[in-house]
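First the structure, in the form of structure tokens, and then the observations on it.
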Amino acid sequence: MCLQLGVESCEFRLKMGKLITFEGIEGCGKTTQIKLLGDYLRKKGYTIYETREPGGTLIGDQIRMVLLNPDNKGMSEITELFLYEACRAQLIKELREKSSDKDIILCDRFTDSTIAYQRYGRGIDKGIIKELNRIASNGIKPALTILLDLDVKTGLGRAKERNIKGRRKKAAEGRFEEEALEFHQKVREGFLKIASEESERVKLTDANRGIEEVHKEIVKLVEGHLLKADS
Ligand code: TYD
């Protein structure tokens with residue numbers, strides 16, 4: 001392994017499961033859709049790992065608490081960026097240890113979130129983010145990304161409702177939801193830009209519909225991708 005560059009040989013890289021990522025603004029329904037898709041694919045016989053960023057590992061969950069704690073308002077943008085990347089490096093390490101190339105990994109947020117939030121939201125240089133993304137993910141890219149697109153007001157409204165209903169595990173996880181509407185607007189536009197630049201990988205889905213309808217479309221997209229990959 002070349003630690004300096006964070007890149008390993010293709011042969012080793014292939015040992016990890018197929019990575020399917022879910023992206024979108026707060027409240028777009030990623031978590032619900034991942035769960036539904038995971039259950040669907042398990043019934044089809046696949047071994048599925050459901051995970052998320054930030055988090056997904058013991059170390060990552062500890063970093064998550066620092067990242068999302070509303071008391072940490074004074075966090076520097078660079079500190080924030082490094083913490084996301086640190087979570088990612090740990091997640092990739094552990095996924096590679098436990099998954100095989102026949103498995104499917106469903107990940108709630110990944111490198112596109114860093115581009116949308118830290119580049120388009122915070123304004124950090126894209127080149128720096130891309131390089132850190134590459135190092136942290138060990139060059140691993142999602143095979144498919146589902147972007148759940150939703151207008152910002154609806155998304156934030158849903159996220160607030162979720163917090164009130166107590167579905168948020170920790171009360172101290174709202175730092176990003178407290179950002180101004182304008183910030184989330186920039187993030188949404190960032191995601192849409194990524195989707196237009198990488199339309200082969202990133203599939204745009206209208207999340208302003210019923211859960212079942214969105215699920216059916218995601219199943220179609222994923223099955224289409226799996227068929228194509230097998231042929
Ligand atoms: P989370 O509670 O998981 O949000 P959601 O349920 O909407 O996915 O919080 C993750 C927050 O971290 C979310 O506001 C997006 C942000 N984030 C970044 O800013 N950069 C990143 O690289 C990642 C992975 C997440």
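Letters A, B, ... go to the chains of the structure tokens in the order shown; residues in each chain start at 1; ligands are counted from 1 in the same order.
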Taking only C-alpha atoms and all ligand atoms and a cut-off of 7 Å, can you tell me which residues surround ligand 1, written as a VMD selection string? chain A and resid 25 to 27 31 53 to 54 68 84 108 to 111 113 to 114 117 to 118 173 176 to 177
Show me, as a ChimeraX atom specification, the residues that have an atom within 9 Å of Leu83 in chain A when counting only C-alpha atoms, minus same-chain residues fewer than 5 positions from it. /A:54,63-64,66-67,78,88
Okay, now the selection with N, CA, C and O atoms, as an mmCIF file, in the first residue's frame?
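Final output, out-v3.cif:
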```
data_model
loop_
_atom_site.group_PDB
_atom_site.id
_atom_site.type_symbol
_atom_site.label_atom_id
_atom_site.label_comp_id
_atom_site.auth_asym_id
_atom_site.auth_seq_id
_atom_site.Cartn_x
_atom_site.Cartn_y
_atom_site.Cartn_z
ATOM 1 N N PRO A 54 -21.518 11.250 8.672
ATOM 2 C CA PRO A 54 -20.400 10.787 9.481
ATOM 3 C C PRO A 54 -20.860 9.703 10.444
ATOM 4 O O PRO A 54 -21.985 9.727 10.902
ATOM 5 N N ILE A 63 -16.501 10.798 16.398
ATOM 6 C CA ILE A 63 -16.209 12.035 15.642
ATOM 7 C C ILE A 63 -17.536 12.716 15.264
ATOM 8 O O ILE A 63 -17.659 13.940 15.296
ATOM 9 N N ARG A 64 -18.544 11.911 14.951
ATOM 10 C CA ARG A 64 -19.863 12.454 14.595
ATOM 11 C C ARG A 64 -20.412 13.366 15.704
ATOM 12 O O ARG A 64 -20.968 14.423 15.441
ATOM 13 N N VAL A 66 -18.813 15.124 17.805
ATOM 14 C CA VAL A 66 -18.102 16.414 17.803
ATOM 15 C C VAL A 66 -18.603 17.266 16.632
ATOM 16 O O VAL A 66 -18.886 18.460 16.775
ATOM 17 N N LEU A 67 -18.747 16.643 15.468
ATOM 18 C CA LEU A 67 -19.155 17.380 14.271
ATOM 19 C C LEU A 67 -20.550 17.991 14.375
ATOM 20 O O LEU A 67 -20.788 19.098 13.911
ATOM 21 N N ILE A 78 -11.909 24.161 8.296
ATOM 22 C CA ILE A 78 -10.884 23.164 7.962
ATOM 23 C C ILE A 78 -10.925 22.014 8.972
ATOM 24 O O ILE A 78 -10.791 20.843 8.620
ATOM 25 N N ARG A 88 -14.363 9.134 7.268
ATOM 26 C CA ARG A 88 -14.410 8.363 6.001
ATOM 27 C C ARG A 88 -13.264 7.349 5.933
ATOM 28 O O ARG A 88 -13.468 6.192 5.538
#
```
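Distance annotation: of A:Ile164, A:Ile129, A:Val202, A:Leu150, the residue with the minimal separation from Phe22 in chain A is A:Val202; atom set is only C-alpha atoms.
Among A:Ile124, A:Ser196, A:Phe82, A:Leu148, the residue with the shortest atom-to-atom distance to Ile218 in chain A, counting only C-alpha atoms, is A:Leu148.
Residue nearest Thr154 in chain A within the list A:Ile59, A:Leu181, A:Leu41, A:Ile115: A:Leu181 [criterion: smallest interatomic distance, only C-alpha atoms].
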Work out how far apart CA of Ala229 in chain A and CA of Arg134 in chain A are and give it in Å to one decimal. 23.1 Å
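The closest residue to Leu81 in chain A, picked from A:Ala116, A:Ile194, A:Leu144, A:Leu226 and counting only C-alpha atoms, is A:Ala116.
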Using DSSP on the backbone coordinates, identify all residues within chain A classified as strand (DSSP E or B); present the result as a PyMOL selection string. chain A and resi 2+7+18-23+48-52+104-108+144-149+202-206
Considering only C-alpha atoms, state which residue in the set A:Ser100, A:Glu182, A:Cys28, A:Gly17 is at the smallest distance from Asn208 in chain A. A:Cys28
Hey, what's within 9 Å of Arg119 in chain A if we count only C-alpha atoms and toss same-chain stuff fewer than 6 positions away? As a PyMOL selection string, please? chain A and resi 125-126+129+187+190
So that I have them on file, write out the residues from the current selection with N, CA and C atoms, as an mmCIF file, in the first residue's frame.
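See again.cif below for the written result:
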```
data_model
loop_
_atom_site.group_PDB
_atom_site.id
_atom_site.type_symbol
_atom_site.label_atom_id
_atom_site.label_comp_id
_atom_site.auth_asym_id
_atom_site.auth_seq_id
_atom_site.Cartn_x
_atom_site.Cartn_y
_atom_site.Cartn_z
ATOM 1 N N ASP A 125 -11.876 25.334 -1.296
ATOM 2 C CA ASP A 125 -11.386 25.015 -2.638
ATOM 3 C C ASP A 125 -11.707 23.566 -3.046
ATOM 4 N N LYS A 126 -12.263 23.438 -4.250
ATOM 5 C CA LYS A 126 -12.700 22.122 -4.728
ATOM 6 C C LYS A 126 -11.547 21.128 -4.874
ATOM 7 N N ILE A 129 -10.622 19.616 -1.581
ATOM 8 C CA ILE A 129 -11.621 18.633 -1.132
ATOM 9 C C ILE A 129 -11.507 17.344 -1.940
ATOM 10 N N VAL A 187 -26.122 24.245 -0.881
ATOM 11 C CA VAL A 187 -25.803 22.812 -0.819
ATOM 12 C C VAL A 187 -26.652 22.061 -1.857
ATOM 13 N N GLY A 190 -25.355 22.643 -5.194
ATOM 14 C CA GLY A 190 -24.105 21.886 -5.340
ATOM 15 C C GLY A 190 -24.379 20.440 -5.732
#
```
Need the shell around Gly38 in chain A: protein/DNA/RNA residues with any atom at most 10 Å away, counting only C-alpha atoms. Skip same-chain ones fewer than 2 positions apart. Format as an MDAnalysis selection string? chainID A and resid 32:36 40:44 46:50 104:106
Using DSSP on the backbone, list every residue of range 1-191 of chain A that comes out as helix (DSSP H, G or I), and give them as a JSON list (two decimals) with N, CA and C atoms, in the first residue's frame.
```json
[["chain", "number", "residue", "atom", "x", "y", "z"],
["A", 10, "CYS", "N", -5.48, -1.93, -7.56],
["A", 10, "CYS", "CA", -6.87, -2.21, -7.95],
["A", 10, "CYS", "C", -7.31, -3.55, -7.40],
["A", 11, "GLU", "N", -6.39, -4.51, -7.40],
["A", 11, "GLU", "CA", -6.73, -5.86, -6.96],
["A", 11, "GLU", "C", -7.28, -5.84, -5.53],
["A", 12, "PHE", "N", -6.61, -5.07, -4.68],
["A", 12, "PHE", "CA", -7.02, -5.01, -3.28],
["A", 12, "PHE", "C", -8.34, -4.24, -3.15],
["A", 13, "ARG", "N", -8.45, -3.18, -3.95],
["A", 13, "ARG", "CA", -9.61, -2.32, -3.90],
["A", 13, "ARG", "C", -10.89, -3.09, -4.22],
["A", 30, "LYS", "N", -33.31, 10.03, 2.92],
["A", 30, "LYS", "CA", -32.29, 9.01, 2.62],
["A", 30, "LYS", "C", -32.38, 7.80, 3.54],
["A", 31, "THR", "N", -32.49, 8.08, 4.83],
["A", 31, "THR", "CA", -32.46, 6.99, 5.81],
["A", 31, "THR", "C", -33.60, 6.00, 5.58],
["A", 32, "THR", "N", -34.80, 6.53, 5.35],
["A", 32, "THR", "CA", -35.97, 5.67, 5.09],
["A", 32, "THR", "C", -35.75, 4.85, 3.82],
["A", 33, "GLN", "N", -35.25, 5.50, 2.79],
["A", 33, "GLN", "CA", -35.07, 4.81, 1.51],
["A", 33, "GLN", "C", -33.96, 3.75, 1.58],
["A", 34, "ILE", "N", -32.94, 4.02, 2.35],
["A", 34, "ILE", "CA", -31.86, 3.03, 2.49],
["A", 34, "ILE", "C", -32.40, 1.78, 3.18],
["A", 35, "LYS", "N", -33.21, 2.00, 4.19],
["A", 35, "LYS", "CA", -33.76, 0.87, 4.94],
["A", 35, "LYS", "C", -34.65, 0.01, 4.01],
["A", 36, "LEU", "N", -35.51, 0.69, 3.25],
["A", 36, "LEU", "CA", -36.41, -0.04, 2.34],
["A", 36, "LEU", "C", -35.62, -0.80, 1.28],
["A", 37, "LEU", "N", -34.63, -0.15, 0.72],
["A", 37, "LEU", "CA", -33.83, -0.81, -0.32],
["A", 37, "LEU", "C", -33.02, -1.96, 0.27],
["A", 38, "GLY", "N", -32.49, -1.75, 1.46],
["A", 38, "GLY", "CA", -31.73, -2.81, 2.13],
["A", 38, "GLY", "C", -32.59, -4.05, 2.33],
["A", 39, "ASP", "N", -33.81, -3.85, 2.83],
["A", 39, "ASP", "CA", -34.71, -4.99, 3.05],
["A", 39, "ASP", "C", -35.03, -5.68, 1.73],
["A", 40, "TYR", "N", -35.27, -4.88, 0.70],
["A", 40, "TYR", "CA", -35.61, -5.43, -0.62],
["A", 40, "TYR", "C", -34.45, -6.28, -1.16],
["A", 41, "LEU", "N", -33.25, -5.75, -1.08],
["A", 41, "LEU", "CA", -32.10, -6.48, -1.65],
["A", 41, "LEU", "C", -31.73, -7.71, -0.83],
["A", 42, "ARG", "N", -31.96, -7.64, 0.48],
["A", 42, "ARG", "CA", -31.69, -8.82, 1.33],
["A", 42, "ARG", "C", -32.62, -9.96, 0.93],
["A", 43, "LYS", "N", -33.88, -9.60, 0.66],
["A", 43, "LYS", "CA", -34.83, -10.63, 0.24],
["A", 43, "LYS", "C", -34.41, -11.26, -1.08],
["A", 58, "LEU", "N", -17.20, 2.73, 15.28],
["A", 58, "LEU", "CA", -17.12, 3.20, 16.67],
["A", 58, "LEU", "C", -16.36, 4.53, 16.75],
["A", 59, "ILE", "N", -15.26, 4.58, 16.02],
["A", 59, "ILE", "CA", -14.46, 5.81, 16.02],
["A", 59, "ILE", "C", -15.23, 6.93, 15.31],
["A", 60, "GLY", "N", -15.85, 6.57, 14.18],
["A", 60, "GLY", "CA", -16.62, 7.55, 13.40],
["A", 60, "GLY", "C", -17.79, 8.13, 14.19],
["A", 61, "ASP", "N", -18.43, 7.30, 15.01],
["A", 61, "ASP", "CA", -19.55, 7.80, 15.81],
["A", 61, "ASP", "C", -19.08, 8.80, 16.86],
["A", 62, "GLN", "N", -17.86, 8.60, 17.35],
["A", 62, "GLN", "CA", -17.33, 9.57, 18.33],
["A", 62, "GLN", "C", -17.03, 10.91, 17.63],
["A", 63, "ILE", "N", -16.50, 10.80, 16.40],
["A", 63, "ILE", "CA", -16.21, 12.04, 15.64],
["A", 63, "ILE", "C", -17.54, 12.72, 15.26],
["A", 64, "ARG", "N", -18.54, 11.91, 14.95],
["A", 64, "ARG", "CA", -19.86, 12.45, 14.59],
["A", 64, "ARG", "C", -20.41, 13.37, 15.70],
["A", 65, "MET", "N", -20.22, 12.92, 16.93],
["A", 65, "MET", "CA", -20.75, 13.72, 18.05],
["A", 65, "MET", "C", -20.09, 15.09, 18.12],
["A", 66, "VAL", "N", -18.81, 15.12, 17.80],
["A", 66, "VAL", "CA", -18.10, 16.41, 17.80],
["A", 66, "VAL", "C", -18.60, 17.27, 16.63],
["A", 67, "LEU", "N", -18.75, 16.64, 15.47],
["A", 67, "LEU", "CA", -19.15, 17.38, 14.27],
["A", 67, "LEU", "C", -20.55, 17.99, 14.37],
["A", 68, "LEU", "N", -21.47, 17.25, 14.94],
["A", 68, "LEU", "CA", -22.87, 17.70, 14.89],
["A", 68, "LEU", "C", -23.36, 18.39, 16.16],
["A", 70, "PRO", "N", -24.32, 21.13, 18.47],
["A", 70, "PRO", "CA", -24.57, 22.57, 18.27],
["A", 70, "PRO", "C", -23.69, 23.46, 19.16],
["A", 71, "ASP", "N", -23.12, 22.91, 20.24],
["A", 71, "ASP", "CA", -22.22, 23.71, 21.08],
["A", 71, "ASP", "C", -20.91, 24.04, 20.35],
["A", 72, "ASN", "N", -20.61, 23.28, 19.30],
["A", 72, "ASN", "CA", -19.34, 23.47, 18.61],
["A", 72, "ASN", "C", -19.45, 24.47, 17.45],
["A", 77, "GLU", "N", -13.69, 25.75, 9.58],
["A", 77, "GLU", "CA", -14.17, 24.98, 8.41],
["A", 77, "GLU", "C", -13.18, 23.88, 8.04],
["A", 78, "ILE", "N", -11.91, 24.16, 8.30],
["A", 78, "ILE", "CA", -10.88, 23.16, 7.96],
["A", 78, "ILE", "C", -10.93, 22.01, 8.97],
["A", 79, "THR", "N", -11.15, 22.36, 10.24],
["A", 79, "THR", "CA", -11.31, 21.31, 11.26],
["A", 79, "THR", "C", -12.46, 20.39, 10.84],
["A", 80, "GLU", "N", -13.55, 21.03, 10.47],
["A", 80, "GLU", "CA", -14.75, 20.28, 10.06],
["A", 80, "GLU", "C", -14.42, 19.34, 8.88],
["A", 81, "LEU", "N", -13.75, 19.90, 7.89],
["A", 81, "LEU", "CA", -13.41, 19.10, 6.70],
["A", 81, "LEU", "C", -12.56, 17.88, 7.09],
["A", 82, "PHE", "N", -11.53, 18.11, 7.91],
["A", 82, "PHE", "CA", -10.66, 17.00, 8.31],
["A", 82, "PHE", "C", -11.42, 15.94, 9.13],
["A", 83, "LEU", "N", -12.37, 16.41, 9.94],
["A", 83, "LEU", "CA", -13.12, 15.43, 10.75],
["A", 83, "LEU", "C", -13.99, 14.54, 9.85],
["A", 84, "TYR", "N", -14.62, 15.13, 8.84],
["A", 84, "TYR", "CA", -15.40, 14.29, 7.92],
["A", 84, "TYR", "C", -14.50, 13.28, 7.21],
["A", 85, "GLU", "N", -13.33, 13.78, 6.79],
["A", 85, "GLU", "CA", -12.41, 12.89, 6.07],
["A", 85, "GLU", "C", -11.87, 11.80, 7.00],
["A", 86, "ALA", "N", -11.66, 12.15, 8.26],
["A", 86, "ALA", "CA", -11.17, 11.15, 9.22],
["A", 86, "ALA", "C", -12.20, 10.04, 9.41],
["A", 87, "CYS", "N", -13.46, 10.44, 9.51],
["A", 87, "CYS", "CA", -14.55, 9.46, 9.62],
["A", 87, "CYS", "C", -14.54, 8.51, 8.43],
["A", 88, "ARG", "N", -14.36, 9.13, 7.27],
["A", 88, "ARG", "CA", -14.41, 8.36, 6.00],
["A", 88, "ARG", "C", -13.26, 7.35, 5.93],
["A", 89, "ALA", "N", -12.07, 7.78, 6.30],
["A", 89, "ALA", "CA", -10.91, 6.88, 6.24],
["A", 89, "ALA", "C", -11.16, 5.65, 7.11],
["A", 90, "GLN", "N", -11.74, 5.88, 8.28],
["A", 90, "GLN", "CA", -12.01, 4.78, 9.21],
["A", 90, "GLN", "C", -13.09, 3.85, 8.64],
["A", 91, "LEU", "N", -14.13, 4.47, 8.07],
["A", 91, "LEU", "CA", -15.23, 3.68, 7.52],
["A", 91, "LEU", "C", -14.74, 2.78, 6.39],
["A", 92, "ILE", "N", -13.95, 3.34, 5.50],
["A", 92, "ILE", "CA", -13.45, 2.56, 4.36],
["A", 92, "ILE", "C", -12.56, 1.42, 4.86],
["A", 93, "LYS", "N", -11.72, 1.73, 5.82],
["A", 93, "LYS", "CA", -10.85, 0.68, 6.37],
["A", 93, "LYS", "C", -11.69, -0.49, 6.87],
["A", 94, "GLU", "N", -12.73, -0.18, 7.65],
["A", 94, "GLU", "CA", -13.51, -1.26, 8.27],
["A", 94, "GLU", "C", -14.39, -1.98, 7.24],
["A", 95, "LEU", "N", -14.89, -1.24, 6.26],
["A", 95, "LEU", "CA", -15.72, -1.90, 5.22],
["A", 95, "LEU", "C", -14.88, -2.87, 4.41],
["A", 96, "ARG", "N", -13.66, -2.48, 4.17],
["A", 96, "ARG", "CA", -12.79, -3.36, 3.39],
["A", 96, "ARG", "C", -12.41, -4.60, 4.18],
["A", 97, "GLU", "N", -12.36, -4.45, 5.49],
["A", 97, "GLU", "CA", -12.02, -5.61, 6.30],
["A", 97, "GLU", "C", -13.18, -6.61, 6.35],
["A", 98, "LYS", "N", -14.42, -6.08, 6.31],
["A", 98, "LYS", "CA", -15.53, -7.02, 6.52],
["A", 98, "LYS", "C", -16.34, -7.38, 5.28],
["A", 111, "THR", "N", -18.63, 11.03, -0.32],
["A", 111, "THR", "CA", -17.78, 12.13, -0.78],
["A", 111, "THR", "C", -18.56, 13.29, -1.44],
["A", 112, "ASP", "N", -19.70, 13.00, -2.07],
["A", 112, "ASP", "CA", -20.46, 14.09, -2.70],
["A", 112, "ASP", "C", -20.98, 15.07, -1.65],
["A", 113, "SER", "N", -21.26, 14.57, -0.44],
["A", 113, "SER", "CA", -21.70, 15.48, 0.63],
["A", 113, "SER", "C", -20.59, 16.46, 0.97],
["A", 114, "THR", "N", -19.35, 16.00, 0.95],
["A", 114, "THR", "CA", -18.24, 16.91, 1.27],
["A", 114, "THR", "C", -18.14, 17.99, 0.19],
["A", 115, "ILE", "N", -18.36, 17.59, -1.05],
["A", 115, "ILE", "CA", -18.30, 18.61, -2.11],
["A", 115, "ILE", "C", -19.49, 19.57, -1.97],
["A", 116, "ALA", "N", -20.68, 19.02, -1.72],
["A", 116, "ALA", "CA", -21.86, 19.89, -1.63],
["A", 116, "ALA", "C", -21.78, 20.82, -0.41],
["A", 117, "TYR", "N", -21.44, 20.28, 0.76],
["A", 117, "TYR", "CA", -21.46, 21.09, 1.99],
["A", 117, "TYR", "C", -20.19, 21.93, 2.16],
["A", 118, "GLN", "N", -19.02, 21.28, 2.01],
["A", 118, "GLN", "CA", -17.79, 22.02, 2.30],
["A", 118, "GLN", "C", -17.35, 22.89, 1.11],
["A", 119, "ARG", "N", -17.61, 22.44, -0.11],
["A", 119, "ARG", "CA", -17.24, 23.26, -1.27],
["A", 119, "ARG", "C", -18.33, 24.30, -1.56],
["A", 120, "TYR", "N", -19.53, 23.80, -1.89],
["A", 120, "TYR", "CA", -20.57, 24.74, -2.30],
["A", 120, "TYR", "C", -21.19, 25.48, -1.11],
["A", 121, "GLY", "N", -21.28, 24.84, 0.03],
["A", 121, "GLY", "CA", -21.85, 25.49, 1.22],
["A", 121, "GLY", "C", -20.84, 26.40, 1.90],
["A", 126, "LYS", "N", -12.26, 23.44, -4.25],
["A", 126, "LYS", "CA", -12.70, 22.12, -4.73],
["A", 126, "LYS", "C", -11.55, 21.13, -4.87],
["A", 127, "GLY", "N", -10.40, 21.66, -5.36],
["A", 127, "GLY", "CA", -9.23, 20.79, -5.57],
["A", 127, "GLY", "C", -8.78, 20.15, -4.26],
["A", 128, "ILE", "N", -8.79, 20.96, -3.19],
["A", 128, "ILE", "CA", -8.37, 20.44, -1.87],
["A", 128, "ILE", "C", -9.33, 19.35, -1.43],
["A", 129, "ILE", "N", -10.62, 19.62, -1.58],
["A", 129, "ILE", "CA", -11.62, 18.63, -1.13],
["A", 129, "ILE", "C", -11.51, 17.34, -1.94],
["A", 130, "LYS", "N", -11.34, 17.50, -3.24],
["A", 130, "LYS", "CA", -11.24, 16.29, -4.08],
["A", 130, "LYS", "C", -10.05, 15.43, -3.66],
["A", 131, "GLU", "N", -8.93, 16.11, -3.38],
["A", 131, "GLU", "CA", -7.73, 15.37, -3.00],
["A", 131, "GLU", "C", -7.92, 14.67, -1.65],
["A", 132, "LEU", "N", -8.52, 15.39, -0.70],
["A", 132, "LEU", "CA", -8.75, 14.77, 0.62],
["A", 132, "LEU", "C", -9.77, 13.63, 0.50],
["A", 133, "ASN", "N", -10.79, 13.84, -0.32],
["A", 133, "ASN", "CA", -11.77, 12.76, -0.56],
["A", 133, "ASN", "C", -11.07, 11.51, -1.09],
["A", 134, "ARG", "N", -10.17, 11.74, -2.02],
["A", 134, "ARG", "CA", -9.49, 10.61, -2.66],
["A", 134, "ARG", "C", -8.61, 9.87, -1.64],
["A", 135, "ILE", "N", -7.93, 10.64, -0.82],
["A", 135, "ILE", "CA", -7.04, 10.02, 0.17],
["A", 135, "ILE", "C", -7.88, 9.25, 1.20],
["A", 136, "ALA", "N", -8.93, 9.90, 1.71],
["A", 136, "ALA", "CA", -9.72, 9.27, 2.78],
["A", 136, "ALA", "C", -10.46, 8.04, 2.28],
["A", 152, "VAL", "N", -35.57, 23.12, -0.33],
["A", 152, "VAL", "CA", -34.94, 23.28, 0.98],
["A", 152, "VAL", "C", -35.96, 23.47, 2.10],
["A", 153, "LYS", "N", -37.01, 24.25, 1.83],
["A", 153, "LYS", "CA", -37.99, 24.50, 2.91],
["A", 153, "LYS", "C", -38.67, 23.21, 3.34],
["A", 154, "THR", "N", -39.05, 22.39, 2.36],
["A", 154, "THR", "CA", -39.70, 21.12, 2.69],
["A", 154, "THR", "C", -38.74, 20.22, 3.46],
["A", 155, "GLY", "N", -37.51, 20.16, 2.99],
["A", 155, "GLY", "CA", -36.51, 19.29, 3.63],
["A", 155, "GLY", "C", -36.26, 19.68, 5.08],
["A", 156, "LEU", "N", -36.04, 20.98, 5.30],
["A", 156, "LEU", "CA", -35.74, 21.43, 6.67],
["A", 156, "LEU", "C", -36.96, 21.25, 7.57],
["A", 157, "GLY", "N", -38.14, 21.46, 6.99],
["A", 157, "GLY", "CA", -39.38, 21.25, 7.75],
["A", 157, "GLY", "C", -39.47, 19.81, 8.22],
["A", 158, "ARG", "N", -39.16, 18.89, 7.32],
["A", 158, "ARG", "CA", -39.19, 17.45, 7.68],
["A", 158, "ARG", "C", -38.16, 17.14, 8.75],
["A", 159, "ALA", "N", -36.96, 17.71, 8.59],
["A", 159, "ALA", "CA", -35.87, 17.43, 9.54],
["A", 159, "ALA", "C", -36.25, 17.94, 10.94],
["A", 160, "LYS", "N", -36.90, 19.12, 10.99],
["A", 160, "LYS", "CA", -37.30, 19.67, 12.29],
["A", 160, "LYS", "C", -38.33, 18.77, 12.94],
["A", 161, "GLU", "N", -39.29, 18.32, 12.14],
["A", 161, "GLU", "CA", -40.35, 17.45, 12.64],
["A", 161, "GLU", "C", -39.74, 16.17, 13.23],
["A", 162, "ARG", "N", -38.75, 15.61, 12.50],
["A", 162, "ARG", "CA", -38.06, 14.41, 12.95],
["A", 162, "ARG", "C", -37.40, 14.66, 14.30],
["A", 163, "ASN", "N", -36.79, 15.84, 14.46],
["A", 163, "ASN", "CA", -36.12, 16.14, 15.74],
["A", 163, "ASN", "C", -37.14, 16.25, 16.86],
["A", 164, "ILE", "N", -38.27, 16.89, 16.57],
["A", 164, "ILE", "CA", -39.30, 17.07, 17.60],
["A", 164, "ILE", "C", -39.86, 15.71, 18.01],
["A", 181, "LEU", "N", -31.10, 29.26, 5.71],
["A", 181, "LEU", "CA", -31.73, 28.68, 4.53],
["A", 181, "LEU", "C", -30.83, 28.80, 3.29],
["A", 182, "GLU", "N", -30.16, 29.93, 3.23],
["A", 182, "GLU", "CA", -29.29, 30.23, 2.08],
["A", 182, "GLU", "C", -28.17, 29.18, 1.96],
["A", 183, "PHE", "N", -27.65, 28.76, 3.11],
["A", 183, "PHE", "CA", -26.59, 27.74, 3.12],
["A", 183, "PHE", "C", -27.13, 26.44, 2.50],
["A", 184, "HIS", "N", -28.30, 26.03, 2.94],
["A", 184, "HIS", "CA", -28.86, 24.78, 2.44],
["A", 184, "HIS", "C", -29.21, 24.87, 0.95],
["A", 185, "GLN", "N", -29.59, 26.09, 0.53],
["A", 185, "GLN", "CA", -29.87, 26.31, -0.89],
["A", 185, "GLN", "C", -28.61, 26.08, -1.71],
["A", 186, "LYS", "N", -27.49, 26.60, -1.22],
["A", 186, "LYS", "CA", -26.21, 26.43, -1.93],
["A", 186, "LYS", "C", -25.84, 24.94, -1.99],
["A", 187, "VAL", "N", -26.12, 24.25, -0.88],
["A", 187, "VAL", "CA", -25.80, 22.81, -0.82],
["A", 187, "VAL", "C", -26.65, 22.06, -1.86],
["A", 188, "ARG", "N", -27.94, 22.39, -1.90],
["A", 188, "ARG", "CA", -28.81, 21.70, -2.88],
["A", 188, "ARG", "C", -28.30, 21.95, -4.30],
["A", 189, "GLU", "N", -27.97, 23.21, -4.59],
["A", 189, "GLU", "CA", -27.47, 23.52, -5.93],
["A", 189, "GLU", "C", -26.17, 22.78, -6.22],
["A", 190, "GLY", "N", -25.35, 22.64, -5.19],
["A", 190, "GLY", "CA", -24.11, 21.89, -5.34],
["A", 190, "GLY", "C", -24.38, 20.44, -5.73],
["A", 191, "PHE", "N", -25.31, 19.83, -5.04],
["A", 191, "PHE", "CA", -25.67, 18.44, -5.38],
["A", 191, "PHE", "C", -26.16, 18.35, -6.83]]
```
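Interatomic distance, CA of Thr51 in chain A to CA of Thr21 in chain A: 9.6 Å.
Note that CA of Lys15 in chain A and CA of His225 in chain A are 19.0 Å apart.
Nearest residue to Ala180 in chain A, choosing from A:Arg52, A:Glu213, A:Arg122, A:Leu204 and counting only C-alpha atoms: A:Arg122.
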